[in-house]
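To be precise, the following lines are input.pdb, and they hold PDB, C-alpha atoms and all ligand atoms.
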ATOM      1  CA  MET B 222      14.004 -60.294  53.753  1.00  0.00           C
ATOM      2  CA  ILE B 223      12.080 -57.307  52.308  1.00  0.00           C
ATOM      3  CA  LYS B 224       8.867 -56.005  53.822  1.00  0.00           C
ATOM      4  CA  LEU B 225       6.876 -52.912  52.908  1.00  0.00           C
ATOM      5  CA  VAL B 226       4.101 -51.889  55.283  1.00  0.00           C
ATOM      6  CA  ASN B 227       1.585 -49.331  54.111  1.00  0.00           C
ATOM      7  CA  VAL B 228       4.136 -47.493  51.993  1.00  0.00           C
ATOM      8  CA  THR B 229       3.112 -44.281  50.263  1.00  0.00           C
ATOM      9  CA  LYS B 230       5.447 -42.088  48.230  1.00  0.00           C
ATOM     10  CA  LYS B 231       4.499 -38.639  47.056  1.00  0.00           C
ATOM     11  CA  TYR B 232       6.835 -36.443  45.032  1.00  0.00           C
ATOM     12  CA  GLY B 233       6.062 -32.840  45.941  1.00  0.00           C
ATOM     13  CA  ASN B 234       2.419 -32.289  46.798  1.00  0.00           C
ATOM     14  CA  ASN B 235       0.653 -33.748  43.816  1.00  0.00           C
ATOM     15  CA  SER B 236       2.487 -36.691  42.350  1.00  0.00           C
ATOM     16  CA  LEU B 237       1.414 -39.888  44.108  1.00  0.00           C
ATOM     17  CA  ALA B 238       3.889 -42.536  42.913  1.00  0.00           C
ATOM     18  CA  LEU B 239       3.040 -45.305  45.414  1.00  0.00           C
ATOM     19  CA  GLU B 240      -0.040 -45.677  47.592  1.00  0.00           C
ATOM     20  CA  ASN B 241      -0.441 -48.009  50.584  1.00  0.00           C
ATOM     21  CA  VAL B 242       1.875 -50.654  49.201  1.00  0.00           C
ATOM     22  CA  GLU B 243       2.107 -53.836  51.263  1.00  0.00           C
ATOM     23  CA  LEU B 244       4.459 -56.569  50.191  1.00  0.00           C
ATOM     24  CA  SER B 245       6.777 -59.137  51.517  1.00  0.00           C
ATOM     25  CA  ILE B 246       9.623 -60.907  49.728  1.00  0.00           C
ATOM     26  CA  ASP B 247      11.390 -63.868  51.327  1.00  0.00           C
ATOM     27  CA  LYS B 248      15.086 -64.572  51.260  1.00  0.00           C
ATOM     28  CA  GLY B 249      16.046 -66.409  48.077  1.00  0.00           C
ATOM     29  CA  GLU B 250      12.973 -65.404  46.057  1.00  0.00           C
ATOM     30  CA  PHE B 251      13.113 -64.222  42.450  1.00  0.00           C
ATOM     31  CA  VAL B 252      10.443 -61.582  41.905  1.00  0.00           C
ATOM     32  CA  PHE B 253       9.441 -59.639  38.813  1.00  0.00           C
ATOM     33  CA  LEU B 254       8.039 -56.171  39.282  1.00  0.00           C
ATOM     34  CA  VAL B 255       5.825 -55.249  36.351  1.00  0.00           C
ATOM     35  CA  GLY B 256       3.392 -52.518  35.409  1.00  0.00           C
ATOM     36  CA  LYS B 257       2.904 -49.833  32.819  1.00  0.00           C
ATOM     37  CA  SER B 258       5.159 -46.832  32.542  1.00  0.00           C
ATOM     38  CA  GLY B 259       4.505 -44.582  35.535  1.00  0.00           C
ATOM     39  CA  ALA B 260       3.053 -47.402  37.652  1.00  0.00           C
ATOM     40  CA  GLY B 261       5.693 -46.855  40.328  1.00  0.00           C
ATOM     41  CA  LYS B 262       8.309 -49.559  39.683  1.00  0.00           C
ATOM     42  CA  SER B 263      11.370 -47.306  39.715  1.00  0.00           C
ATOM     43  CA  THR B 264      10.066 -45.505  42.777  1.00  0.00           C
ATOM     44  CA  LEU B 265       9.755 -48.788  44.635  1.00  0.00           C
ATOM     45  CA  LEU B 266      13.320 -49.749  43.690  1.00  0.00           C
ATOM     46  CA  LYS B 267      14.595 -46.304  44.731  1.00  0.00           C
ATOM     47  CA  LEU B 268      12.968 -46.725  48.137  1.00  0.00           C
ATOM     48  CA  LEU B 269      14.806 -50.014  48.583  1.00  0.00           C
ATOM     49  CA  THR B 270      18.183 -48.532  47.626  1.00  0.00           C
ATOM     50  CA  ARG B 271      17.412 -45.565  49.884  1.00  0.00           C
ATOM     51  CA  GLN B 272      17.733 -43.085  47.031  1.00  0.00           C
ATOM     52  CA  GLU B 273      14.277 -41.988  48.163  1.00  0.00           C
ATOM     53  CA  LYS B 274      12.413 -42.150  51.470  1.00  0.00           C
ATOM     54  CA  PRO B 275       8.720 -43.023  51.750  1.00  0.00           C
ATOM     55  CA  THR B 276       6.270 -40.282  52.644  1.00  0.00           C
ATOM     56  CA  GLU B 277       4.486 -42.766  54.895  1.00  0.00           C
ATOM     57  CA  GLY B 278       4.956 -46.358  55.953  1.00  0.00           C
ATOM     58  CA  GLN B 279       7.687 -48.716  56.963  1.00  0.00           C
ATOM     59  CA  ILE B 280      10.320 -50.576  54.942  1.00  0.00           C
ATOM     60  CA  MET B 281      12.215 -53.440  56.540  1.00  0.00           C
ATOM     61  CA  VAL B 282      15.210 -55.126  54.922  1.00  0.00           C
ATOM     62  CA  GLY B 283      16.817 -58.055  56.734  1.00  0.00           C
ATOM     63  CA  GLY B 284      14.705 -57.336  59.808  1.00  0.00           C
ATOM     64  CA  LYS B 285      15.808 -53.698  60.095  1.00  0.00           C
ATOM     65  CA  SER B 286      13.946 -50.547  59.218  1.00  0.00           C
ATOM     66  CA  ILE B 287      15.704 -48.626  56.463  1.00  0.00           C
ATOM     67  CA  VAL B 288      13.428 -45.610  56.717  1.00  0.00           C
ATOM     68  CA  ARG B 289      15.255 -44.017  59.585  1.00  0.00           C
ATOM     69  CA  LEU B 290      18.844 -44.830  58.589  1.00  0.00           C
ATOM     70  CA  SER B 291      21.087 -41.811  59.041  1.00  0.00           C
ATOM     71  CA  ASN B 292      23.060 -40.607  56.017  1.00  0.00           C
ATOM     72  CA  LYS B 293      26.138 -42.144  57.634  1.00  0.00           C
ATOM     73  CA  GLU B 294      24.484 -45.561  57.839  1.00  0.00           C
ATOM     74  CA  VAL B 295      23.302 -45.621  54.218  1.00  0.00           C
ATOM     75  CA  PRO B 296      26.600 -46.757  52.567  1.00  0.00           C
ATOM     76  CA  LEU B 297      26.859 -49.784  54.859  1.00  0.00           C
ATOM     77  CA  TYR B 298      23.206 -50.651  54.183  1.00  0.00           C
ATOM     78  CA  ARG B 299      23.802 -50.392  50.416  1.00  0.00           C
ATOM     79  CA  ARG B 300      26.439 -53.110  50.588  1.00  0.00           C
ATOM     80  CA  LYS B 301      23.582 -55.548  51.096  1.00  0.00           C
ATOM     81  CA  ILE B 302      22.292 -54.640  47.649  1.00  0.00           C
ATOM     82  CA  GLY B 303      23.754 -55.058  44.178  1.00  0.00           C
ATOM     83  CA  VAL B 304      22.147 -52.941  41.474  1.00  0.00           C
ATOM     84  CA  VAL B 305      21.943 -53.782  37.760  1.00  0.00           C
ATOM     85  CA  PHE B 306      20.846 -51.100  35.288  1.00  0.00           C
ATOM     86  CA  GLN B 307      19.242 -51.114  31.848  1.00  0.00           C
ATOM     87  CA  ASP B 308      22.017 -49.059  30.275  1.00  0.00           C
ATOM     88  CA  PHE B 309      24.845 -50.846  32.143  1.00  0.00           C
ATOM     89  CA  LEU B 310      26.435 -47.608  33.476  1.00  0.00           C
ATOM     90  CA  LEU B 311      30.011 -48.831  33.101  1.00  0.00           C
ATOM     91  CA  LEU B 312      33.048 -46.574  33.403  1.00  0.00           C
ATOM     92  CA  GLU B 313      33.987 -46.208  29.740  1.00  0.00           C
ATOM     93  CA  ASP B 314      37.632 -45.321  30.356  1.00  0.00           C
ATOM     94  CA  ARG B 315      38.267 -48.384  32.500  1.00  0.00           C
ATOM     95  CA  THR B 316      38.725 -52.012  31.582  1.00  0.00           C
ATOM     96  CA  VAL B 317      36.353 -54.797  32.552  1.00  0.00           C
ATOM     97  CA  PHE B 318      38.708 -55.723  35.393  1.00  0.00           C
ATOM     98  CA  GLU B 319      38.875 -52.133  36.608  1.00  0.00           C
ATOM     99  CA  ASN B 320      35.104 -51.649  36.459  1.00  0.00           C
ATOM    100  CA  VAL B 321      34.563 -54.614  38.755  1.00  0.00           C
ATOM    101  CA  ALA B 322      37.593 -53.811  40.936  1.00  0.00           C
ATOM    102  CA  PHE B 323      36.228 -50.303  41.486  1.00  0.00           C
ATOM    103  CA  ALA B 324      33.153 -51.672  43.284  1.00  0.00           C
ATOM    104  CA  LEU B 325      35.364 -53.771  45.558  1.00  0.00           C
ATOM    105  CA  GLU B 326      37.775 -50.935  46.286  1.00  0.00           C
ATOM    106  CA  ALA B 327      34.815 -48.771  47.268  1.00  0.00           C
ATOM    107  CA  THR B 328      34.105 -51.169  50.157  1.00  0.00           C
ATOM    108  CA  GLY B 329      37.708 -51.067  51.369  1.00  0.00           C
ATOM    109  CA  THR B 330      38.893 -54.410  49.990  1.00  0.00           C
ATOM    110  CA  SER B 331      42.684 -54.769  49.935  1.00  0.00           C
ATOM    111  CA  PRO B 332      44.509 -54.740  46.555  1.00  0.00           C
ATOM    112  CA  LYS B 333      45.600 -58.318  47.153  1.00  0.00           C
ATOM    113  CA  GLU B 334      41.995 -59.469  47.656  1.00  0.00           C
ATOM    114  CA  VAL B 335      40.850 -57.433  44.644  1.00  0.00           C
ATOM    115  CA  LYS B 336      43.384 -59.277  42.453  1.00  0.00           C
ATOM    116  CA  LYS B 337      42.049 -62.576  43.708  1.00  0.00           C
ATOM    117  CA  ILE B 338      38.302 -61.891  43.698  1.00  0.00           C
ATOM    118  CA  VAL B 339      37.824 -60.040  40.376  1.00  0.00           C
ATOM    119  CA  PRO B 340      39.032 -62.927  38.166  1.00  0.00           C
ATOM    120  CA  GLN B 341      36.781 -65.332  40.091  1.00  0.00           C
ATOM    121  CA  VAL B 342      33.745 -63.130  39.510  1.00  0.00           C
ATOM    122  CA  LEU B 343      34.585 -62.566  35.842  1.00  0.00           C
ATOM    123  CA  GLN B 344      34.866 -66.340  35.442  1.00  0.00           C
ATOM    124  CA  LYS B 345      31.443 -66.733  37.063  1.00  0.00           C
ATOM    125  CA  VAL B 346      29.786 -64.355  34.586  1.00  0.00           C
ATOM    126  CA  GLY B 347      31.633 -65.847  31.594  1.00  0.00           C
ATOM    127  CA  LEU B 348      33.954 -62.924  30.889  1.00  0.00           C
ATOM    128  CA  ALA B 349      37.355 -64.351  31.823  1.00  0.00           C
ATOM    129  CA  LYS B 350      38.613 -63.672  28.296  1.00  0.00           C
ATOM    130  CA  LYS B 351      37.508 -60.031  28.295  1.00  0.00           C
ATOM    131  CA  THR B 352      39.336 -58.943  31.443  1.00  0.00           C
ATOM    132  CA  ASN B 353      41.367 -56.252  29.697  1.00  0.00           C
ATOM    133  CA  SER B 354      38.738 -55.047  27.220  1.00  0.00           C
ATOM    134  CA  PHE B 355      37.082 -51.654  27.472  1.00  0.00           C
ATOM    135  CA  PRO B 356      33.261 -51.384  27.517  1.00  0.00           C
ATOM    136  CA  ASN B 357      33.107 -50.048  23.935  1.00  0.00           C
ATOM    137  CA  GLN B 358      34.835 -53.228  22.755  1.00  0.00           C
ATOM    138  CA  LEU B 359      32.044 -55.404  24.179  1.00  0.00           C
ATOM    139  CA  SER B 360      28.601 -56.446  22.960  1.00  0.00           C
ATOM    140  CA  GLY B 361      25.544 -55.301  24.912  1.00  0.00           C
ATOM    141  CA  GLY B 362      25.217 -58.723  26.534  1.00  0.00           C
ATOM    142  CA  GLU B 363      28.863 -58.684  27.569  1.00  0.00           C
ATOM    143  CA  GLN B 364      28.486 -55.191  28.998  1.00  0.00           C
ATOM    144  CA  GLN B 365      25.532 -56.362  31.056  1.00  0.00           C
ATOM    145  CA  ARG B 366      27.646 -59.276  32.318  1.00  0.00           C
ATOM    146  CA  VAL B 367      30.152 -56.694  33.571  1.00  0.00           C
ATOM    147  CA  GLY B 368      27.242 -54.868  35.213  1.00  0.00           C
ATOM    148  CA  ILE B 369      26.204 -58.102  36.914  1.00  0.00           C
ATOM    149  CA  ALA B 370      29.790 -58.912  37.959  1.00  0.00           C
ATOM    150  CA  ARG B 371      30.016 -55.473  39.525  1.00  0.00           C
ATOM    151  CA  ALA B 372      26.688 -56.017  41.301  1.00  0.00           C
ATOM    152  CA  ILE B 373      27.659 -59.387  42.828  1.00  0.00           C
ATOM    153  CA  VAL B 374      31.317 -58.762  43.635  1.00  0.00           C
ATOM    154  CA  ASN B 375      30.603 -57.618  47.188  1.00  0.00           C
ATOM    155  CA  ARG B 376      28.373 -60.664  47.768  1.00  0.00           C
ATOM    156  CA  PRO B 377      25.112 -58.754  48.304  1.00  0.00           C
ATOM    157  CA  GLU B 378      22.063 -60.419  49.830  1.00  0.00           C
ATOM    158  CA  ILE B 379      19.754 -58.762  47.314  1.00  0.00           C
ATOM    159  CA  ILE B 380      20.040 -57.838  43.649  1.00  0.00           C
ATOM    160  CA  ILE B 381      17.857 -55.087  42.303  1.00  0.00           C
ATOM    161  CA  ALA B 382      17.707 -55.052  38.536  1.00  0.00           C
ATOM    162  CA  ASP B 383      15.924 -52.243  36.685  1.00  0.00           C
ATOM    163  CA  GLU B 384      15.088 -53.422  33.152  1.00  0.00           C
ATOM    164  CA  PRO B 385      18.364 -55.366  32.805  1.00  0.00           C
ATOM    165  CA  THR B 386      17.325 -56.790  29.432  1.00  0.00           C
ATOM    166  CA  GLY B 387      15.835 -53.546  28.118  1.00  0.00           C
ATOM    167  CA  ASN B 388      18.684 -52.939  25.654  1.00  0.00           C
ATOM    168  CA  LEU B 389      19.295 -56.537  24.635  1.00  0.00           C
ATOM    169  CA  ASP B 390      17.952 -58.793  21.879  1.00  0.00           C
ATOM    170  CA  PRO B 391      15.827 -61.821  22.902  1.00  0.00           C
ATOM    171  CA  LYS B 392      18.655 -64.365  22.672  1.00  0.00           C
ATOM    172  CA  THR B 393      21.064 -62.243  24.703  1.00  0.00           C
ATOM    173  CA  SER B 394      18.288 -61.477  27.191  1.00  0.00           C
ATOM    174  CA  LYS B 395      17.829 -65.192  27.704  1.00  0.00           C
ATOM    175  CA  GLU B 396      21.529 -65.634  28.493  1.00  0.00           C
ATOM    176  CA  ILE B 397      21.438 -62.771  30.968  1.00  0.00           C
ATOM    177  CA  MET B 398      18.337 -64.247  32.616  1.00  0.00           C
ATOM    178  CA  ARG B 399      20.101 -67.599  32.910  1.00  0.00           C
ATOM    179  CA  LEU B 400      22.971 -65.865  34.686  1.00  0.00           C
ATOM    180  CA  LEU B 401      20.615 -64.044  37.065  1.00  0.00           C
ATOM    181  CA  SER B 402      18.807 -67.310  37.674  1.00  0.00           C
ATOM    182  CA  ASP B 403      22.097 -69.053  38.609  1.00  0.00           C
ATOM    183  CA  ILE B 404      22.923 -66.245  41.013  1.00  0.00           C
ATOM    184  CA  ASN B 405      19.451 -66.542  42.537  1.00  0.00           C
ATOM    185  CA  GLU B 406      19.827 -70.310  42.927  1.00  0.00           C
ATOM    186  CA  ARG B 407      22.947 -69.738  44.998  1.00  0.00           C
ATOM    187  CA  GLY B 408      20.801 -67.835  47.503  1.00  0.00           C
ATOM    188  CA  THR B 409      20.664 -64.198  46.408  1.00  0.00           C
ATOM    189  CA  THR B 410      17.218 -62.600  46.479  1.00  0.00           C
ATOM    190  CA  ILE B 411      16.421 -60.886  43.171  1.00  0.00           C
ATOM    191  CA  LEU B 412      13.885 -58.162  42.455  1.00  0.00           C
ATOM    192  CA  MET B 413      13.716 -57.245  38.777  1.00  0.00           C
ATOM    193  CA  ALA B 414      11.594 -54.507  37.214  1.00  0.00           C
ATOM    194  CA  THR B 415      10.754 -55.227  33.596  1.00  0.00           C
ATOM    195  CA  HIS B 416       8.450 -54.612  30.643  1.00  0.00           C
ATOM    196  CA  ASP B 417       9.732 -57.727  28.930  1.00  0.00           C
ATOM    197  CA  ILE B 418       6.685 -59.990  28.681  1.00  0.00           C
ATOM    198  CA  GLU B 419       8.656 -62.743  26.992  1.00  0.00           C
ATOM    199  CA  VAL B 420      11.179 -62.935  29.820  1.00  0.00           C
ATOM    200  CA  VAL B 421       8.470 -62.931  32.497  1.00  0.00           C
ATOM    201  CA  ALA B 422       6.578 -65.654  30.624  1.00  0.00           C
ATOM    202  CA  TYR B 423       9.379 -68.195  30.371  1.00  0.00           C
ATOM    203  CA  MET B 424      10.972 -67.592  33.764  1.00  0.00           C
ATOM    204  CA  ARG B 425       7.847 -68.617  35.692  1.00  0.00           C
ATOM    205  CA  LYS B 426       8.681 -66.663  38.826  1.00  0.00           C
ATOM    206  CA  ARG B 427       6.589 -64.603  41.194  1.00  0.00           C
ATOM    207  CA  ILE B 428       5.159 -61.456  39.603  1.00  0.00           C
ATOM    208  CA  ILE B 429       4.158 -58.336  41.490  1.00  0.00           C
ATOM    209  CA  ALA B 430       2.187 -56.011  39.248  1.00  0.00           C
ATOM    210  CA  LEU B 431       1.775 -52.347  40.084  1.00  0.00           C
ATOM    211  CA  LYS B 432      -0.983 -50.160  38.723  1.00  0.00           C
ATOM    212  CA  ASN B 433      -1.260 -46.461  39.522  1.00  0.00           C
ATOM    213  CA  GLY B 434       1.111 -46.906  42.462  1.00  0.00           C
ATOM    214  CA  GLN B 435      -0.755 -49.839  44.027  1.00  0.00           C
ATOM    215  CA  VAL B 436      -0.121 -53.565  44.070  1.00  0.00           C
ATOM    216  CA  PHE B 437      -2.960 -54.983  42.058  1.00  0.00           C
ATOM    217  CA  ARG B 438      -1.657 -58.484  41.362  1.00  0.00           C
ATOM    218  CA  ASP B 439       0.783 -60.713  43.191  1.00  0.00           C
ATOM    219  CA  ILE B 440       1.076 -63.921  41.224  1.00  0.00           C
ATOM    220  CA  ASP B 441       3.041 -66.959  42.229  1.00  0.00           C
ATOM    221  CA  LYS B 442       5.297 -68.405  39.525  1.00  0.00           C
ATOM    222  CA  GLY B 443       3.901 -67.592  36.103  1.00  0.00           C
ATOM    223  CA  GLY B 444       0.391 -66.689  35.076  1.00  0.00           C
ATOM    224  CA  TYR B 445       1.678 -63.637  33.269  1.00  0.00           C
ATOM    225  CA  GLU B 446      -1.450 -63.482  31.116  1.00  0.00           C
ATOM    226  CA  ASP B 447      -3.145 -61.680  33.999  1.00  0.00           C
ATOM    227  CA  ALA B 448      -0.286 -59.436  34.902  1.00  0.00           C
ATOM    228  CA  ASP B 449      -1.231 -56.446  32.721  1.00  0.00           C
ATOM    229  CA  LEU B 450       2.371 -55.674  31.853  1.00  0.00           C
TER     230      LEU B 450
HETATM  231  N1  LIG B 501      11.480 -37.310  40.906  1.00  0.00           N
HETATM  232  C1  LIG B 501      10.169 -37.261  40.642  1.00  0.00           C
HETATM  233  N2  LIG B 501       9.467 -36.111  40.830  1.00  0.00           N
HETATM  234  C2  LIG B 501       8.136 -36.062  40.585  1.00  0.00           C
HETATM  235  N3  LIG B 501       7.407 -37.099  40.158  1.00  0.00           N
HETATM  236  C3  LIG B 501       8.039 -38.265  39.943  1.00  0.00           C
HETATM  237  C4  LIG B 501       9.445 -38.412  40.174  1.00  0.00           C
HETATM  238  N4  LIG B 501       9.802 -39.694  39.876  1.00  0.00           N
HETATM  239  C5  LIG B 501       8.666 -40.298  39.476  1.00  0.00           C
HETATM  240  N5  LIG B 501       7.601 -39.465  39.522  1.00  0.00           N
HETATM  241  C6  LIG B 501       6.208 -39.794  39.200  1.00  0.00           C
HETATM  242  O1  LIG B 501       5.821 -40.919  39.976  1.00  0.00           O
HETATM  243  C7  LIG B 501       5.042 -41.851  39.208  1.00  0.00           C
HETATM  244  C8  LIG B 501       5.720 -43.216  39.197  1.00  0.00           C
HETATM  245  O2  LIG B 501       6.936 -43.141  38.449  1.00  0.00           O
HETATM  246  P1  LIG B 501       7.999 -44.328  38.340  1.00  0.00           P
HETATM  247  O3  LIG B 501       9.197 -43.766  37.675  1.00  0.00           O
HETATM  248  O4  LIG B 501       8.170 -44.940  39.678  1.00  0.00           O
HETATM  249  O5  LIG B 501       7.228 -45.329  37.372  1.00  0.00           O
HETATM  250  P2  LIG B 501       7.761 -46.625  36.589  1.00  0.00           P
HETATM  251  O6  LIG B 501       6.733 -47.666  36.789  1.00  0.00           O
HETATM  252  O7  LIG B 501       9.137 -46.923  37.035  1.00  0.00           O
HETATM  253  O8  LIG B 501       7.772 -46.148  35.082  1.00  0.00           O
HETATM  254  P3  LIG B 501       8.753 -46.592  33.871  1.00  0.00           P
HETATM  255  O9  LIG B 501       8.338 -47.986  33.508  1.00  0.00           O
HETATM  256  O10 LIG B 501       8.453 -45.611  32.801  1.00  0.00           O
HETATM  257  O11 LIG B 501      10.168 -46.515  34.380  1.00  0.00           O
HETATM  258  C9  LIG B 501       4.885 -41.207  37.831  1.00  0.00           C
HETATM  259  O12 LIG B 501       3.670 -40.519  37.816  1.00  0.00           O
HETATM  260  C10 LIG B 501       6.043 -40.231  37.749  1.00  0.00           C
HETATM  261  O13 LIG B 501       5.749 -39.133  36.929  1.00  0.00           O
END
Spit out the file's structure as structure tokens when you get a sec.
Amino acid sequence: MIKLVNVTKKYGNNSLALENVELSIDKGEFVFLVGKSGAGKSTLLKLLTRQEKPTEGQIMVGGKSIVRLSNKEVPLYRRKIGVVFQDFLLLEDRTVFENVAFALEATGTSPKEVKKIVPQVLQKVGLAKKTNSFPNQLSGGEQQRVGIARAIVNRPEIIIADEPTGNLDPKTSKEIMRLLSDINERGTTILMATHDIEVVAYMRKRIIALKNGQVFRDIDKGGYEDADL
């Protein structure tokens, strides 16, 4: 599903964010991306969303190279990917329904379909009762559920989550992880960058650890003690 071959990313001339990264993630996997601040996690995620291009190397997603996509091809490629952020990034002046609807409208879904699909997705993330609330009327966990609803509403093949529990307390984090886990079990590949040792420990999923821009551990299901988070 995702394959990086010899990927190097330099910002400008001096800043080496990733160096000769090789990794392969199968369809349906749940993978944690860990590593100290500056290790290169966000850079790797940005390469996958095509916010950045590698300086060297090849990136394949679903069997196709994304390195040479033209600017015109990027929006269609991005429909494969749902993104979840640490600080939710909701539209504050729109309701929960409208926040999720917006993502569907952006892919050209008809108003009739939007009316049908949004309530189904809100039900799935446990927010059916908050349809008409505004983000500032929701708890952090509820806001992240909206973020997840928005990420899955176009049925992406991959979810990229950048510190999705970073602003949540441990109990709420656990609920959000359960939701992501359910989504993963229905077939969506998930790549999640995190510093949250507790989450990584109890989820027992594959862990890819970056250090100074290189993959230095790739651990199957658990074993976080070695991950150097
Ligand atoms: N736009 C940029 N311009 C120049 N250097 C950058 C840029 N973005 C990141 N870097 C550098 O690349 C390296 C990797 O940064 P990156 O943000 O990928 O790390 P990270 O593991 O995501 O860190 P954090 O956990 O703090 O988010 C760092 O040395 C950083 O300073």
Padding 8 Å on each side, edges along x, y and z: where is the centre of the box around the listed atoms of ligand LIG 501 (chain B), and how long are its edges in Å to one decimal? Output it as AutoDock Vina command-line options.
--center_x 7.6 --center_y -42.0 --center_z 36.9 --size_x 23.8 --size_y 27.9 --size_z 24.1
**Prompt:** Mind listing the residues within 9 Å of ligand LIG 501 (chain B), only C-alpha atoms and all ligand atoms counted, as a VMD selection string?
**Reply:** chain B and resid 230 to 233 235 to 239 254 to 267 383 to 384 414 to 416 431 to 434
**Request:** On this file, the PyMOL selection byres (((chain B and resi 390-398) around 8) and not hetatm) gives some set of residues; write that set as a count of residues only.
**Result:** 11
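Of the listed residues B:Thr409, B:Asn353, B:Thr270, B:Ser245, the one whose atoms come nearest to Asp314 (chain B) is B:Asn353, with distances taken using only C-alpha atoms.
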**Request:** I would like the residues chosen by the PyMOL selection byres (((chain B and resi 370) around 8) and not hetatm) on the shown file; could you give them as number ranges by chain?
**Result:** B: 321, 342-343, 346, 366-369, 371-374
**Item:** For Val335 (chain B): contacts at 12 Å, only C-alpha atoms, fewer than 4 positions along chain excluded, given as a PyMOL selection string
**Value:** chain B and resi 318-331+339-343+374-375
**Request:** Compile the contact shell of Gly278 (chain B) as a list in words: residues with an atom at most 12 Å away, counting all atoms listed in the file, same-chain residues fewer than 5 positions apart removed.
**Result:**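 My list of contacting residues is Lys224, Leu225, Val226, Asn227, Val228, Thr229, Lys230, Lys231, Leu239, Glu240, Asn241, Val242, Glu243, Leu244, Leu268, Ser286, Ile287, Val288 and Arg289 of chain B.
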**Request:** With a distance cut-off of 10 Å and all atoms listed in the file, select the neighbouring residues of Asn357 (chain B), excluding the residue or stretch itself and same-chain residues fewer than 3 positions from it, and output the selection as a list in words.
**Result:**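 Listing them by chain and then by number gives Leu311, Glu313, Asp314, Thr316, Ser354, Ser360, Gly361 and Gln364 of chain B.
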**Request:** Write out as an MDAnalysis selection string which residues come within 8 Å of Lys248 (chain B) when counting all atoms listed in the file, dropping same-chain ones fewer than 6 positions away.
**Result:** chainID B and resid 222:223 408:410
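Of the residues listed (B:Asn234, B:Asn405, B:Gln344, B:Asn292), B:Asn405 shows the shortest atom-to-atom separation from Ile380 (chain B); distances use all atoms listed in the file.
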**Request:** Select all residues near (10.5, -64.2, 43.5) (cut-off 6 Å, inclusive, file coordinates), counting only C-alpha atoms, and output them as a list in words.
**Result:**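 Answer for this query, in the requested form: Glu250, Phe251, Val252, Lys426 and Arg427 of chain B.
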**Asked** To one decimal place, how far is CA of Leu269 (chain B) from CA of Ile429 (chain B) in Å?
**Response**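 Distance reported for this atom pair: 15.3 Å.
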